[in-house]
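Enquirer: Shown below is the structure under consideration.
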Amino acid sequence: MTLSSYKVDVIRGAEMWQCFGKPAEPVLRAVTGQQGLAITGATLLPTGDLLLDGAAKPKGTCSPLGAAKKWLAPGATPSLLSVPALDRHPMQIAEPLYLEGYSPDEHGTNLDLGDGVTLRVALERISGTWQRPAEQIAGSVALCGLLRFDGGAWAVQPLAVAGPKGAVFTYGRTDESTKTGKKKPTLVILKERASRLLRKKA
């Protein structure tokens, strides 16, 4: 399922989540609360895209890494549709996976998978809403993410990681996502200004 929205440069950090509006709220609440998502009446396209044109509601609890280990670990039977790369959106060329038993370096930039195999961590693809990602990856024992082949080499873009005490740091929105410290969020201010300009032109 892909969510997209237009954004201007003055909207940054956690405020970006506000650009998606009400249709994305159930998805964001499920991610924030580590819950499952019950979807009814949505359209599944042959390409594997799910159109959020039905009803969506957070339901129950869901461990991101637990689900990833069940469906995406090496040897697991994937539940995803198998669509040729040429028929997929570029965003979907990345393959979801679950990893554990690796040794991260002290900078969180590379994972030693053993037998002389090292996998680079694509820190440049991590959202600015995830605080201290390199530090958390360096202290992680498991992760789920997207495996990409870019620039002639493989790299993994982490989506969630677990530390030795079992703490999970999830990529994306946090509980502070809607708290801006301002009287009005930037997006609200922009909408008000645009509305005034349109009324003047009319």
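Naming scheme: A, B, ... for chains in displayed order of the structure tokens; residues 1 onward per chain; ligands 1 onward as shown.
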Contacts of Asp112 of chain A at 12 Å or less, counting only C-alpha atoms, minus same-chain residues fewer than 3 places along, as an MDAnalysis selection string?
Expert: chainID A and resid 99:106 108:109 115:121 138 141
Enquirer: Which residue, A:Ala55, A:Leu72, A:Leu123, A:Ala14, has the smallest gap to Leu37 of chain A when you use only C-alpha atoms?
Expert: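 Closest residue, counting only C-alpha atoms: A:Ala55.
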Enquirer: With only C-alpha atoms as the basis for distance, which of A:Leu86, A:Gly21, A:Leu97, A:Gly48 is at the shortest distance from Ser4 of chain A?
Expert: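 Ranked by minimum distance to Ser4 of chain A, first place goes to A:Gly21.
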Enquirer: Residues of segment 43-138 of chain A in strand (DSSP E) according to DSSP, as a PyMOL selection string?
Expert: chain A and resi 43-44+50-51+55-59+95-100+103-104+110-114+117-121
Enquirer: In terms of the shortest atom-to-atom distance over only C-alpha atoms, which of A:Val10, A:Met16, A:Cys62, A:Leu44 is closest to Ala30 of chain A?
Expert: A:Cys62
Enquirer: Rounded to one decimal place, report the atom CA of Trp71 of chain A-atom CA of Asp53 of chain A distance in Å.
Expert: 25.6 Å
